[in-house]
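S.K.: Supplied structure: run-v6.cif, mmCIF, C-alpha atoms.
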```
data_run
#
loop_
_atom_site.label_atom_id
_atom_site.label_comp_id
_atom_site.auth_asym_id
_atom_site.auth_seq_id
_atom_site.Cartn_x
_atom_site.Cartn_y
_atom_site.Cartn_z
CA MET A 100 57.33 -18.05 -30.74
CA SER A 101 54.44 -19.30 -32.82
CA CYS A 102 53.07 -16.67 -35.20
CA LYS A 103 49.62 -17.83 -34.13
CA PHE A 104 49.90 -15.78 -30.97
CA GLN A 105 51.92 -12.75 -32.07
CA SER A 106 48.83 -10.58 -32.60
CA PHE A 107 48.17 -10.70 -28.84
CA LEU A 108 51.45 -8.91 -28.01
CA ARG A 109 51.40 -5.20 -27.17
CA LYS A 110 54.86 -3.66 -27.03
CA GLU A 111 53.92 -0.17 -25.84
CA ARG A 112 53.99 0.43 -22.07
CA THR A 113 54.24 -3.33 -21.50
CA VAL A 114 54.51 -4.44 -17.87
CA LEU A 115 53.92 -8.20 -18.27
CA GLU A 116 54.82 -10.56 -21.12
CA VAL A 117 53.77 -14.19 -21.41
CA LEU A 118 55.74 -15.80 -24.24
CA GLY A 119 54.86 -19.25 -25.57
CA VAL A 120 53.96 -20.58 -22.12
CA GLU A 121 52.83 -24.20 -21.79
CA LYS A 122 51.76 -26.32 -18.83
CA LYS A 123 50.75 -29.96 -18.68
CA PHE A 124 49.27 -31.99 -15.84
CA GLY A 125 49.97 -35.59 -16.73
CA GLU A 126 48.88 -35.99 -20.34
CA LYS A 127 46.50 -33.02 -20.27
CA LYS A 128 47.70 -29.68 -21.62
CA ALA A 129 46.14 -27.05 -19.38
CA VAL A 130 47.89 -24.12 -21.10
CA HIS A 131 48.94 -24.49 -24.70
CA GLY A 132 51.55 -22.09 -26.12
CA ILE A 133 50.01 -18.85 -24.82
CA SER A 134 51.59 -15.50 -25.68
CA LEU A 135 50.12 -12.31 -24.30
CA SER A 136 51.30 -8.90 -23.14
CA VAL A 137 49.64 -6.58 -20.67
CA ALA A 138 50.09 -2.81 -20.61
CA ASN A 139 51.00 -0.84 -17.52
CA GLY A 140 47.83 0.28 -15.73
CA GLU A 141 45.56 -1.94 -17.84
CA PHE A 142 42.50 -3.82 -16.55
CA LEU A 143 42.63 -7.12 -18.44
CA SER A 144 40.08 -9.89 -17.91
CA ILE A 145 40.81 -13.51 -18.76
CA LEU A 146 37.44 -15.00 -19.66
CA GLY A 147 36.53 -18.59 -20.35
CA PRO A 148 34.46 -21.61 -19.27
CA SER A 149 35.40 -23.87 -16.39
CA GLY A 150 38.42 -26.02 -17.19
CA CYS A 151 39.71 -23.81 -20.02
CA GLY A 152 43.04 -23.09 -18.26
CA LYS A 153 42.48 -19.53 -17.09
CA THR A 154 43.25 -20.19 -13.41
CA THR A 155 46.32 -22.23 -14.40
CA LEU A 156 47.54 -19.28 -16.48
CA LEU A 157 47.02 -16.98 -13.50
CA ARG A 158 48.97 -19.35 -11.24
CA LEU A 159 51.83 -19.45 -13.78
CA ILE A 160 51.98 -15.65 -13.76
CA ALA A 161 51.88 -15.60 -9.96
CA GLY A 162 54.68 -18.17 -9.64
CA LEU A 163 52.45 -20.75 -7.96
CA GLU A 164 53.03 -23.14 -10.88
CA ALA A 165 56.14 -23.55 -13.04
CA PRO A 166 55.71 -23.62 -16.85
CA ASP A 167 56.95 -26.60 -18.84
CA ASN A 168 57.95 -24.27 -21.67
CA GLY A 169 57.96 -20.56 -22.38
CA THR A 170 59.02 -17.34 -20.69
CA LEU A 171 57.43 -14.82 -18.33
CA LYS A 172 58.75 -11.25 -18.11
CA LEU A 173 57.87 -8.46 -15.70
CA SER A 174 58.99 -4.98 -16.79
CA GLY A 175 61.45 -6.69 -19.16
CA GLU A 176 62.98 -8.91 -16.46
CA ASP A 177 62.77 -12.70 -16.88
CA ILE A 178 60.80 -13.99 -13.87
CA THR A 179 60.14 -17.51 -15.19
CA LYS A 180 62.25 -19.22 -12.53
CA MET A 181 61.52 -16.78 -9.70
CA SER A 182 59.47 -17.99 -6.76
CA ALA A 183 56.13 -16.36 -6.03
CA HIS A 184 57.45 -14.19 -3.18
CA GLU A 185 60.28 -12.86 -5.38
CA ARG A 186 57.86 -11.51 -7.99
CA ASP A 187 56.38 -8.03 -7.69
CA ILE A 188 52.97 -9.59 -8.24
CA HIS A 189 50.18 -10.13 -5.71
CA THR A 190 47.03 -12.27 -5.87
CA VAL A 191 43.51 -11.93 -4.49
CA PHE A 192 41.65 -15.25 -4.42
CA GLN A 193 37.94 -16.01 -4.25
CA ARG A 194 38.50 -17.14 -0.67
CA TYR A 195 40.09 -14.05 0.76
CA ALA A 196 42.28 -15.81 3.37
CA LEU A 197 42.00 -12.94 5.85
CA PHE A 198 43.38 -13.53 9.35
CA PRO A 199 40.33 -13.88 11.65
CA HIS A 200 42.30 -13.11 14.83
CA MET A 201 43.47 -9.74 13.46
CA ASN A 202 41.50 -6.54 12.96
CA ILE A 203 41.20 -4.76 9.59
CA PHE A 204 44.26 -2.56 10.15
CA ASP A 205 46.54 -5.46 11.10
CA ASN A 206 45.35 -7.55 8.15
CA VAL A 207 46.19 -4.75 5.72
CA ALA A 208 49.52 -4.02 7.46
CA PHE A 209 50.61 -7.68 7.59
CA GLY A 210 52.66 -7.70 4.36
CA LEU A 211 54.38 -4.42 5.18
CA ARG A 212 55.38 -5.67 8.62
CA CYS A 213 56.80 -8.84 7.05
CA GLN A 214 58.96 -6.54 4.91
CA LYS A 215 59.99 -4.68 8.10
CA VAL A 216 58.68 -1.33 6.86
CA ASN A 217 58.81 1.25 9.65
CA GLU A 218 55.59 1.80 11.61
CA ASN A 219 55.13 5.44 10.60
CA GLU A 220 55.13 4.50 6.93
CA ILE A 221 52.86 1.53 7.65
CA ASN A 222 50.35 3.75 9.41
CA GLY A 223 50.29 6.21 6.53
CA ARG A 224 49.95 3.61 3.80
CA VAL A 225 47.30 1.55 5.61
CA GLU A 226 45.18 4.61 6.39
CA GLU A 227 45.40 5.65 2.75
CA MET A 228 44.19 2.21 1.67
CA LEU A 229 41.34 2.21 4.20
CA GLU A 230 40.15 5.53 2.82
CA LEU A 231 40.43 4.19 -0.73
CA ALA A 232 38.18 1.24 0.22
CA SER A 233 35.62 3.43 2.06
CA LEU A 234 36.75 1.94 5.40
CA LYS A 235 38.25 5.08 6.91
CA GLY A 236 38.16 5.01 10.71
CA GLN A 237 37.25 1.31 10.81
CA GLY A 238 40.72 -0.20 11.16
CA LYS A 239 40.00 -1.64 14.62
CA ARG A 240 36.98 -3.66 13.50
CA SER A 241 37.24 -7.43 13.78
CA ILE A 242 37.38 -9.33 10.50
CA GLN A 243 34.61 -11.57 11.84
CA THR A 244 32.15 -8.63 11.87
CA LEU A 245 32.61 -7.82 8.17
CA SER A 246 30.13 -8.53 5.37
CA GLY A 247 31.23 -10.42 2.27
CA GLY A 248 31.69 -7.17 0.36
CA GLU A 249 33.77 -5.60 3.15
CA GLN A 250 35.97 -8.70 3.31
CA GLN A 251 36.53 -8.46 -0.42
CA ARG A 252 37.63 -4.83 -0.09
CA VAL A 253 40.00 -5.66 2.77
CA ALA A 254 41.56 -8.49 0.74
CA LEU A 255 42.00 -6.11 -2.18
CA ILE A 256 43.71 -3.31 -0.24
CA ARG A 257 45.85 -5.82 1.69
CA ALA A 258 47.37 -6.70 -1.70
CA LEU A 259 47.47 -3.13 -3.04
CA VAL A 260 49.18 -1.66 0.04
CA ASN A 261 52.36 -3.47 -1.07
CA MET A 262 52.24 -1.51 -4.37
CA PRO A 263 52.72 -4.50 -6.71
CA LYS A 264 53.33 -3.97 -10.41
CA VAL A 265 50.55 -6.46 -11.20
CA LEU A 266 47.54 -7.55 -9.16
CA LEU A 267 45.95 -10.90 -10.04
CA LEU A 268 42.31 -11.50 -9.12
CA ASP A 269 41.01 -15.07 -9.33
CA GLU A 270 37.20 -14.82 -9.51
CA PRO A 271 37.11 -12.69 -6.32
CA LEU A 272 33.41 -11.84 -6.74
CA GLY A 273 32.21 -15.34 -7.51
CA ALA A 274 30.87 -16.12 -4.01
CA LEU A 275 28.80 -12.92 -3.71
CA ASP A 276 25.14 -12.39 -4.57
CA LEU A 277 24.25 -10.57 -7.79
CA LYS A 278 23.42 -7.17 -6.28
CA LEU A 279 26.62 -7.04 -4.23
CA ARG A 280 28.67 -8.36 -7.15
CA LEU A 281 27.46 -5.53 -9.38
CA GLN A 282 28.22 -2.97 -6.67
CA LEU A 283 31.73 -4.32 -6.13
CA GLN A 284 32.43 -4.37 -9.86
CA GLN A 285 32.02 -0.59 -9.82
CA GLU A 286 34.18 -0.27 -6.70
CA LEU A 287 36.94 -2.41 -8.21
CA MET A 288 36.96 -0.32 -11.37
CA SER A 289 37.07 2.91 -9.34
CA ILE A 290 39.95 1.68 -7.16
CA GLN A 291 41.91 0.42 -10.15
CA ARG A 292 41.58 3.77 -11.94
CA ARG A 293 42.80 5.62 -8.85
CA VAL A 294 45.81 3.44 -8.04
CA LYS A 295 46.67 2.78 -11.72
CA THR A 296 47.92 -0.72 -10.91
CA THR A 297 47.71 -3.37 -13.63
CA PHE A 298 44.81 -5.72 -12.84
CA ILE A 299 44.49 -9.20 -14.38
CA PHE A 300 41.02 -10.49 -13.52
CA VAL A 301 39.97 -14.10 -14.09
CA THR A 302 36.26 -14.79 -14.55
CA HIS A 303 33.76 -17.06 -16.28
CA ASP A 304 31.11 -14.31 -16.19
CA GLN A 305 30.81 -12.65 -19.60
CA GLN A 306 28.95 -9.58 -18.36
CA GLU A 307 31.52 -9.06 -15.61
CA ALA A 308 34.36 -9.11 -18.13
CA LEU A 309 32.61 -6.81 -20.60
CA ASN A 310 31.65 -4.33 -17.89
CA MET A 311 35.00 -3.97 -16.13
CA SER A 312 37.79 -4.45 -18.65
CA ASP A 313 39.98 -2.38 -20.92
CA ARG A 314 40.62 -5.61 -22.84
CA VAL A 315 39.32 -9.17 -22.62
CA ALA A 316 41.31 -12.33 -23.42
CA VAL A 317 38.94 -15.20 -24.23
CA MET A 318 40.28 -18.69 -23.49
CA ASN A 319 39.12 -22.10 -24.66
CA LYS A 320 40.80 -25.50 -24.26
CA GLY A 321 44.06 -24.04 -22.98
CA GLU A 322 44.44 -21.39 -25.70
CA ILE A 323 43.68 -17.71 -26.04
CA VAL A 324 41.32 -17.53 -29.01
CA GLN A 325 40.76 -13.76 -29.11
CA VAL A 326 41.94 -10.61 -27.37
CA GLY A 327 40.29 -7.23 -27.76
CA THR A 328 38.26 -4.48 -26.19
CA PRO A 329 34.83 -5.51 -24.86
CA ASN A 330 33.27 -3.94 -27.97
CA GLU A 331 35.58 -5.87 -30.31
CA ILE A 332 34.96 -9.17 -28.54
CA TYR A 333 31.17 -8.79 -28.64
CA GLU A 334 30.62 -7.09 -31.99
CA PHE A 335 33.43 -8.75 -33.96
CA PRO A 336 33.95 -12.30 -32.64
CA LYS A 337 36.56 -14.19 -34.64
CA THR A 338 35.17 -17.67 -33.97
CA SER A 339 31.79 -19.24 -33.35
CA PHE A 340 32.99 -20.18 -29.84
CA VAL A 341 33.67 -16.55 -28.92
CA ALA A 342 30.33 -15.49 -30.40
CA SER A 343 28.44 -18.18 -28.46
CA PHE A 344 30.30 -17.79 -25.17
CA VAL A 345 30.24 -13.98 -25.04
CA GLY A 346 26.52 -13.24 -25.35
CA GLY A 347 23.92 -15.36 -27.08
CA ILE A 348 23.92 -15.92 -30.83
CA ASN A 349 21.68 -17.78 -33.27
CA LYS A 350 23.49 -20.01 -35.77
CA LEU A 351 22.16 -21.26 -39.11
CA GLU A 352 24.27 -23.80 -40.98
CA GLY A 353 24.63 -23.48 -44.74
CA ILE A 354 26.85 -23.48 -47.83
CA LEU A 355 28.67 -20.36 -49.03
CA ARG A 356 28.56 -19.18 -52.63
CA ALA A 357 29.24 -15.99 -54.58
CA ASP A 358 26.80 -14.40 -57.03
CA ASP A 359 27.71 -12.83 -60.38
CA SER A 360 28.47 -9.47 -58.77
CA GLY A 361 30.88 -11.04 -56.26
CA ARG A 362 28.59 -10.75 -53.25
CA TYR A 363 28.64 -13.70 -50.88
CA ILE A 364 25.50 -15.67 -50.03
CA ILE A 365 24.86 -18.50 -47.59
CA ASP A 366 22.26 -21.04 -48.66
CA VAL A 367 20.48 -22.49 -45.64
CA GLU A 368 18.54 -25.67 -46.40
CA ASN A 369 14.74 -25.23 -46.28
CA ALA A 370 15.16 -21.68 -44.98
CA GLY A 371 16.48 -19.45 -47.75
CA SER A 372 19.52 -17.61 -49.05
CA PHE A 373 21.07 -14.67 -47.22
CA PHE A 374 23.76 -12.11 -47.98
CA VAL A 375 26.83 -12.32 -45.73
CA GLU A 376 30.29 -10.75 -45.52
CA PRO A 377 32.66 -13.59 -44.56
CA PRO A 378 36.18 -12.92 -43.25
CA ASP A 379 38.95 -13.34 -45.82
CA HIS A 380 39.96 -16.83 -44.67
CA CYS A 381 36.36 -18.03 -45.19
CA LYS A 382 35.83 -16.61 -48.70
CA LYS A 383 35.69 -20.00 -50.41
CA PRO A 384 32.56 -20.85 -52.43
CA GLY A 385 31.26 -24.29 -51.49
CA LEU A 386 32.51 -23.96 -47.92
CA LYS A 387 30.18 -25.08 -45.14
CA GLY A 388 29.75 -22.42 -42.48
CA TYR A 389 27.37 -20.67 -40.13
CA LEU A 390 25.34 -17.50 -40.32
CA GLY A 391 25.48 -15.90 -36.85
CA LEU A 392 22.82 -13.47 -35.61
CA ARG A 393 22.74 -11.77 -32.22
CA PRO A 394 19.15 -11.75 -30.86
CA GLU A 395 19.11 -7.95 -30.47
CA LYS A 396 20.29 -7.37 -34.07
CA ILE A 397 17.12 -8.93 -35.53
CA THR A 398 13.98 -6.85 -36.10
CA LEU A 399 10.52 -8.38 -36.23
CA PHE A 400 7.89 -7.25 -38.76
CA SER A 401 4.33 -8.35 -39.28
CA ARG A 402 4.90 -8.17 -43.06
CA LYS A 403 7.94 -8.72 -45.23
CA PRO A 404 9.95 -5.48 -45.22
CA PRO A 405 10.72 -4.20 -48.74
CA THR A 406 14.07 -2.49 -48.07
CA VAL A 407 15.99 -4.86 -45.75
CA GLU A 408 18.81 -6.98 -47.21
CA ASN A 409 17.87 -10.20 -45.44
CA SER A 410 14.60 -11.54 -44.08
CA ILE A 411 12.94 -14.85 -43.30
CA GLU A 412 9.49 -15.91 -42.16
CA GLY A 413 8.82 -17.63 -38.86
CA THR A 414 6.21 -18.30 -36.19
CA ILE A 415 6.37 -17.03 -32.60
CA ARG A 416 6.35 -19.99 -30.22
CA ALA A 417 7.18 -18.28 -26.90
CA GLN A 418 7.65 -14.81 -25.47
CA SER A 419 8.95 -13.33 -22.22
CA TYR A 420 8.44 -9.75 -21.10
CA LEU A 421 11.66 -8.66 -19.36
CA GLY A 422 11.00 -4.97 -18.72
CA THR A 423 13.61 -3.32 -20.92
CA HIS A 424 12.96 -5.77 -23.74
CA THR A 425 10.78 -8.69 -24.80
CA GLN A 426 12.39 -12.00 -25.75
CA TYR A 427 10.71 -14.00 -28.52
CA GLU A 428 11.40 -17.57 -29.57
CA VAL A 429 10.63 -17.90 -33.27
CA THR A 430 10.50 -21.16 -35.23
CA LEU A 431 11.65 -20.91 -38.86
CA LYS A 432 10.14 -22.96 -41.65
CA ASN A 433 13.03 -25.45 -41.47
CA GLY A 434 12.30 -26.08 -37.76
CA THR A 435 15.20 -24.01 -36.39
CA ASN A 436 14.42 -21.96 -33.30
CA VAL A 437 15.74 -18.38 -33.19
CA SER A 438 15.85 -15.99 -30.24
CA VAL A 439 14.94 -12.34 -30.86
CA PHE A 440 15.17 -9.43 -28.40
CA GLN A 441 12.96 -6.41 -29.10
CA GLN A 442 13.48 -3.18 -27.17
CA ASN A 443 10.41 -2.00 -25.25
CA SER A 444 10.84 1.61 -26.31
CA GLN A 445 7.18 2.59 -25.82
CA LYS A 446 4.62 1.97 -23.11
CA LEU A 447 2.19 -0.63 -24.44
CA ALA A 448 -0.92 -2.05 -22.79
CA LYS A 449 -0.45 -5.31 -24.69
CA LYS A 450 2.33 -7.08 -26.51
CA VAL A 451 2.99 -6.20 -30.15
CA PHE A 452 3.24 -9.85 -31.18
CA GLN A 453 1.40 -12.86 -29.82
CA ILE A 454 2.21 -16.58 -29.69
CA ASN A 455 1.50 -18.28 -33.05
CA ASP A 456 1.77 -14.96 -34.96
CA LYS A 457 3.48 -15.18 -38.35
CA VAL A 458 6.39 -12.71 -38.43
CA HIS A 459 9.31 -11.72 -40.64
CA LEU A 460 12.78 -11.58 -39.11
CA ALA A 461 14.99 -8.98 -40.80
CA TRP A 462 18.63 -7.88 -40.54
CA SER A 463 21.33 -6.18 -42.59
CA ILE A 464 24.63 -7.74 -43.68
CA GLY A 465 26.54 -5.65 -41.14
CA GLN A 466 24.45 -7.05 -38.29
CA SER A 467 25.35 -10.67 -39.04
CA HIS A 468 28.44 -12.87 -38.82
CA PHE A 469 29.83 -15.74 -40.89
CA PHE A 470 31.92 -18.46 -39.25
CA CYS A 471 33.75 -21.30 -40.93
CA ASP A 472 35.50 -22.78 -37.87
#
```
Do you think you could lay out the structure here as structure tokens?
M.R.:
Amino acid sequence: MSCKFQSFLRKERTVLEVLGVEKKFGEKKAVHGISLSVANGEFLSILGPSGCGKTTLLRLIAGLEAPDNGTLKLSGEDITKMSAHERDIHTVFQRYALFPHMNIFDNVAFGLRCQKVNENEINGRVEEMLELASLKGQGKRSIQTLSGGEQQRVALIRALVNMPKVLLLDEPLGALDLKLRLQLQQELMSIQRRVKTTFIFVTHDQQEALNMSDRVAVMNKGEIVQVGTPNEIYEFPKTSFVASFVGGINKLEGILRADDSGRYIIDVENAGSFFVEPPDHCKKPGLKGYLGLRPEKITLFSRKPPTVENSIEGTIRAQSYLGTHTQYEVTLKNGTNVSVFQQNSQKLAKKVFQINDKVHLAWSIGQSHFFCD
């Protein structure tokens, strides 16, 4: 196993292990040497842009694709060569594949009847699932009368009624409108906490992943580039890709140097010099890199603040009032445009800053990032 991926392995309470898994389609590597472990009862999201390999990884775990290399283990048992129906893993797809000729109860009971579970047990387990999904007493309703959100809940409990060790969810909320999607995010989280089944949730929606997950695995170009809690992923991105993909970030290119006291500074052409704290692998004077600033970590001042570690002058070119905050687009003296979010913490009859105002953007070292990838 490549040491590159060992940091993603969690040995305690592990239910699923993906060890050096690779998959190619023709000459294209869809999944490139991924190693990852998932804890029992964890809600893990696999997040990445379209075409990054996240759905392929899910299909490898489900047994719908066979890996070219690597091993998959479920509760310590090697399942790499097992077919999908032999694995104690179930999948909910974006298209729910409910049976339109069956009512809710029969859809949920379908898997149990295929396993020849006795009818008394089926009745008990299905009714328990209907109550869990806020569908108690509605088992006789036709699938064709259900809303999109109700169909999603039926698809979810149809998988959960079989009590799988792992439930895979492939962008199941992607076809729903925003309001319903937000509502069902909360319902999914509530159901997962109650049943304590391991959920692996694939999505391209950053807010969805941050909101719902215990941990997030960020993928790019067939590789997992970072795994961590939502807070770790957002506040401590390890690469410029993670920083850019998970929330917006401003990037200023420059050259790194160290001053006489050993503090690191990035010199940005025609903009200024700013204190940074680069990660250990980037601490190389003369290295080209990027200063990264989240829009909400920057504070605007009408005058240069005397006590802030870093500041730069700019001109407001656009502004958007968004209720909770105002978004400003500020042009620096080197022509770079920077986004700034300012919290609307007080009721104001007019905006604090106007278009064409000269402002100073300020931030501390701890509120910035340095990337050398």
S.K.: Between CA of Phe469 in chain A and CA of Pro378 in chain A, what distance in Å does the model show, to one decimal?
M.R.: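 Going from CA of Phe469 in chain A over to CA of Pro378 in chain A, I get 7.3 Å.
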S.K.: With distances taken over all atoms listed in the file, which residue among A:Thr328, A:Leu279, A:Gly273, A:Ile221 lies nearest Asp304 in chain A?
M.R.: A:Gly273
S.K.: Report the residues retrieved by the PyMOL selection byres ((chain A and resi 282) around 12) from the displayed file, expressed as an mmCIF file with C-alpha atoms, keeping the file's coordinate frame.
M.R.:
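Saved as result39.cif:
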```cif
data_model
loop_
_atom_site.group_PDB
_atom_site.id
_atom_site.type_symbol
_atom_site.label_atom_id
_atom_site.label_comp_id
_atom_site.auth_asym_id
_atom_site.auth_seq_id
_atom_site.Cartn_x
_atom_site.Cartn_y
_atom_site.Cartn_z
ATOM 1 C CA GLY A 248 31.690 -7.170 0.360
ATOM 2 C CA GLU A 249 33.770 -5.600 3.150
ATOM 3 C CA GLN A 251 36.530 -8.460 -0.420
ATOM 4 C CA ARG A 252 37.630 -4.830 -0.090
ATOM 5 C CA LEU A 272 33.410 -11.840 -6.740
ATOM 6 C CA LEU A 275 28.800 -12.920 -3.710
ATOM 7 C CA ASP A 276 25.140 -12.390 -4.570
ATOM 8 C CA LEU A 277 24.250 -10.570 -7.790
ATOM 9 C CA LYS A 278 23.420 -7.170 -6.280
ATOM 10 C CA LEU A 279 26.620 -7.040 -4.230
ATOM 11 C CA ARG A 280 28.670 -8.360 -7.150
ATOM 12 C CA LEU A 281 27.460 -5.530 -9.380
ATOM 13 C CA LEU A 283 31.730 -4.320 -6.130
ATOM 14 C CA GLN A 284 32.430 -4.370 -9.860
ATOM 15 C CA GLN A 285 32.020 -0.590 -9.820
ATOM 16 C CA GLU A 286 34.180 -0.270 -6.700
ATOM 17 C CA LEU A 287 36.940 -2.410 -8.210
ATOM 18 C CA MET A 288 36.960 -0.320 -11.370
ATOM 19 C CA SER A 289 37.070 2.910 -9.340
ATOM 20 C CA GLU A 307 31.520 -9.060 -15.610
ATOM 21 C CA ASN A 310 31.650 -4.330 -17.890
ATOM 22 C CA MET A 311 35.000 -3.970 -16.130
#
```
S.K.: I need the residue set behind the PyMOL selection byres ((chain A and resi 370-376) around 10) for this file; please write it as a count of residues only.
M.R.: 41
S.K.: Report the residues retrieved by the PyMOL selection byres ((chain A and resi 225) around 8) from the displayed file, expressed as JSON, numbers by chain.
M.R.: {"A": [204, 207, 208, 221, 222, 223, 224, 226, 227, 228, 229, 260]}
S.K.: Output C-alpha atoms for every residue in the selection just made, as a PDB file, in the frame of the given file.
M.R.:
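Final file, selection33.pdb:
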```pdb
ATOM      1  CA  PHE A 204      44.260  -2.560  10.150  1.00  0.00           C
ATOM      2  CA  VAL A 207      46.190  -4.750   5.720  1.00  0.00           C
ATOM      3  CA  ALA A 208      49.520  -4.020   7.460  1.00  0.00           C
ATOM      4  CA  ILE A 221      52.860   1.530   7.650  1.00  0.00           C
ATOM      5  CA  ASN A 222      50.350   3.750   9.410  1.00  0.00           C
ATOM      6  CA  GLY A 223      50.290   6.210   6.530  1.00  0.00           C
ATOM      7  CA  ARG A 224      49.950   3.610   3.800  1.00  0.00           C
ATOM      8  CA  GLU A 226      45.180   4.610   6.390  1.00  0.00           C
ATOM      9  CA  GLU A 227      45.400   5.650   2.750  1.00  0.00           C
ATOM     10  CA  MET A 228      44.190   2.210   1.670  1.00  0.00           C
ATOM     11  CA  LEU A 229      41.340   2.210   4.200  1.00  0.00           C
ATOM     12  CA  VAL A 260      49.180  -1.660   0.040  1.00  0.00           C
TER      13      VAL A 260
END
```
S.K.: For CA of Ala165 in chain A and CA of Glu116 in chain A, determine how far apart the two atoms are, in Å to one decimal place.
M.R.: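 Calculated distance between CA of Ala165 in chain A and CA of Glu116 in chain A is 15.4 Å.
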S.K.: Restricting the calculation to only C-alpha atoms: of A:Leu267, A:Leu234, A:Val191, A:Ile290, which residue gets closest to Leu159 in chain A?
M.R.: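 That would be A:Leu267, the residue with the smallest distance to Leu159 in chain A.
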S.K.: Counting only C-alpha atoms, which residue out of A:Val301, A:Cys471, A:Ile397, A:Val345 sits closest to Asn330 in chain A?
M.R.: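 Looking only at the distances to Asn330 in chain A, the closest residue turns out to be A:Val345.
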S.K.: Is there a way to get, as a PyMOL selection string, all residues within 12 Å of the point (37.0, -8.4, 8.8) in file coordinates, counting only C-alpha atoms?
M.R.: chain A and resi 195-207+234+237-254+257
S.K.: Write out the residues from the selection above, keeping C-alpha atoms, as a PDB file, keeping the file's coordinate frame.
M.R.:
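File result_39.pdb, as written:
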```pdb
ATOM      1  CA  TYR A 195      40.090 -14.050   0.760  1.00  0.00           C
ATOM      2  CA  ALA A 196      42.280 -15.810   3.370  1.00  0.00           C
ATOM      3  CA  LEU A 197      42.000 -12.940   5.850  1.00  0.00           C
ATOM      4  CA  PHE A 198      43.380 -13.530   9.350  1.00  0.00           C
ATOM      5  CA  PRO A 199      40.330 -13.880  11.650  1.00  0.00           C
ATOM      6  CA  HIS A 200      42.300 -13.110  14.830  1.00  0.00           C
ATOM      7  CA  MET A 201      43.470  -9.740  13.460  1.00  0.00           C
ATOM      8  CA  ASN A 202      41.500  -6.540  12.960  1.00  0.00           C
ATOM      9  CA  ILE A 203      41.200  -4.760   9.590  1.00  0.00           C
ATOM     10  CA  PHE A 204      44.260  -2.560  10.150  1.00  0.00           C
ATOM     11  CA  ASP A 205      46.540  -5.460  11.100  1.00  0.00           C
ATOM     12  CA  ASN A 206      45.350  -7.550   8.150  1.00  0.00           C
ATOM     13  CA  VAL A 207      46.190  -4.750   5.720  1.00  0.00           C
ATOM     14  CA  LEU A 234      36.750   1.940   5.400  1.00  0.00           C
ATOM     15  CA  GLN A 237      37.250   1.310  10.810  1.00  0.00           C
ATOM     16  CA  GLY A 238      40.720  -0.200  11.160  1.00  0.00           C
ATOM     17  CA  LYS A 239      40.000  -1.640  14.620  1.00  0.00           C
ATOM     18  CA  ARG A 240      36.980  -3.660  13.500  1.00  0.00           C
ATOM     19  CA  SER A 241      37.240  -7.430  13.780  1.00  0.00           C
ATOM     20  CA  ILE A 242      37.380  -9.330  10.500  1.00  0.00           C
ATOM     21  CA  GLN A 243      34.610 -11.570  11.840  1.00  0.00           C
ATOM     22  CA  THR A 244      32.150  -8.630  11.870  1.00  0.00           C
ATOM     23  CA  LEU A 245      32.610  -7.820   8.170  1.00  0.00           C
ATOM     24  CA  SER A 246      30.130  -8.530   5.370  1.00  0.00           C
ATOM     25  CA  GLY A 247      31.230 -10.420   2.270  1.00  0.00           C
ATOM     26  CA  GLY A 248      31.690  -7.170   0.360  1.00  0.00           C
ATOM     27  CA  GLU A 249      33.770  -5.600   3.150  1.00  0.00           C
ATOM     28  CA  GLN A 250      35.970  -8.700   3.310  1.00  0.00           C
ATOM     29  CA  GLN A 251      36.530  -8.460  -0.420  1.00  0.00           C
ATOM     30  CA  ARG A 252      37.630  -4.830  -0.090  1.00  0.00           C
ATOM     31  CA  VAL A 253      40.000  -5.660   2.770  1.00  0.00           C
ATOM     32  CA  ALA A 254      41.560  -8.490   0.740  1.00  0.00           C
ATOM     33  CA  ARG A 257      45.850  -5.820   1.690  1.00  0.00           C
TER      34      ARG A 257
END
```
S.K.: Between range 327-401 of chain A and range 132-144 of chain A, at 12 Å or less, what are the per-residue closest atom pairs and their distances in Å? Count all atoms listed in the file, order by chain and rising residue number, and return it as a Markdown table.
M.R.:
```
| residue | atom | partner | partner_atom | distance |
| --- | --- | --- | --- | --- |
| A:Gly327 | CA | A:Leu143 | CA | 9.6 |
| A:Thr328 | CA | A:Leu143 | CA | 9.3 |
| A:Pro329 | CA | A:Ser144 | CA | 9.7 |
| A:Ile332 | CA | A:Ser144 | CA | 11.8 |
```
S.K.: Have a look at CA of Phe335 in chain A and CA of Ile348 in chain A and let me know their distance in Å, one decimal.
M.R.: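 Separation between CA of Phe335 in chain A and CA of Ile348 in chain A: 12.3 Å.
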S.K.: Take every atom of range 276-288 of chain A listed in the file, fit an axis-aligned box around them, add 5 Å per side, and give the centre and edge lengths in Å to one decimal as AutoDock Vina command-line options.
M.R.:
```
--center_x 30.2 --center_y -6.3 --center_z -7.8 --size_x 23.5 --size_y 22.1 --size_z 17.1
```
S.K.: Excluding same-chain residues fewer than 5 positions from Gln426 in chain A, what lies within 7 Å of it counting only C-alpha atoms, as a list in words?
M.R.: Gln418, Ser419, Tyr420, Ser438, Val439, Phe440 and Gln441 of chain A
S.K.: Would you mind telling me which residue in A:Asp167, A:Asp472, A:Gly175, A:Lys127 lies nearest to His380 in chain A when using only C-alpha atoms?
M.R.: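 Checking each candidate against His380 in chain A, we get A:Asp472 as the closest.
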S.K.: Have a look at A:Gly361, A:Thr338, A:Ile415, A:Arg314 and name the one nearest to Gly388 in chain A; count all atoms listed in the file.
M.R.: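 Among A:Gly361, A:Thr338, A:Ile415, A:Arg314, it is A:Thr338 that comes nearest to Gly388 in chain A.
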S.K.: Please determine, counting all atoms listed in the file, which residue among A:Gln453, A:Gly385, A:Val117, A:Asp359 has the shortest atom-to-atom distance to Glu176 in chain A.
M.R.: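 For Glu176 in chain A, the nearest of the candidates is A:Val117.
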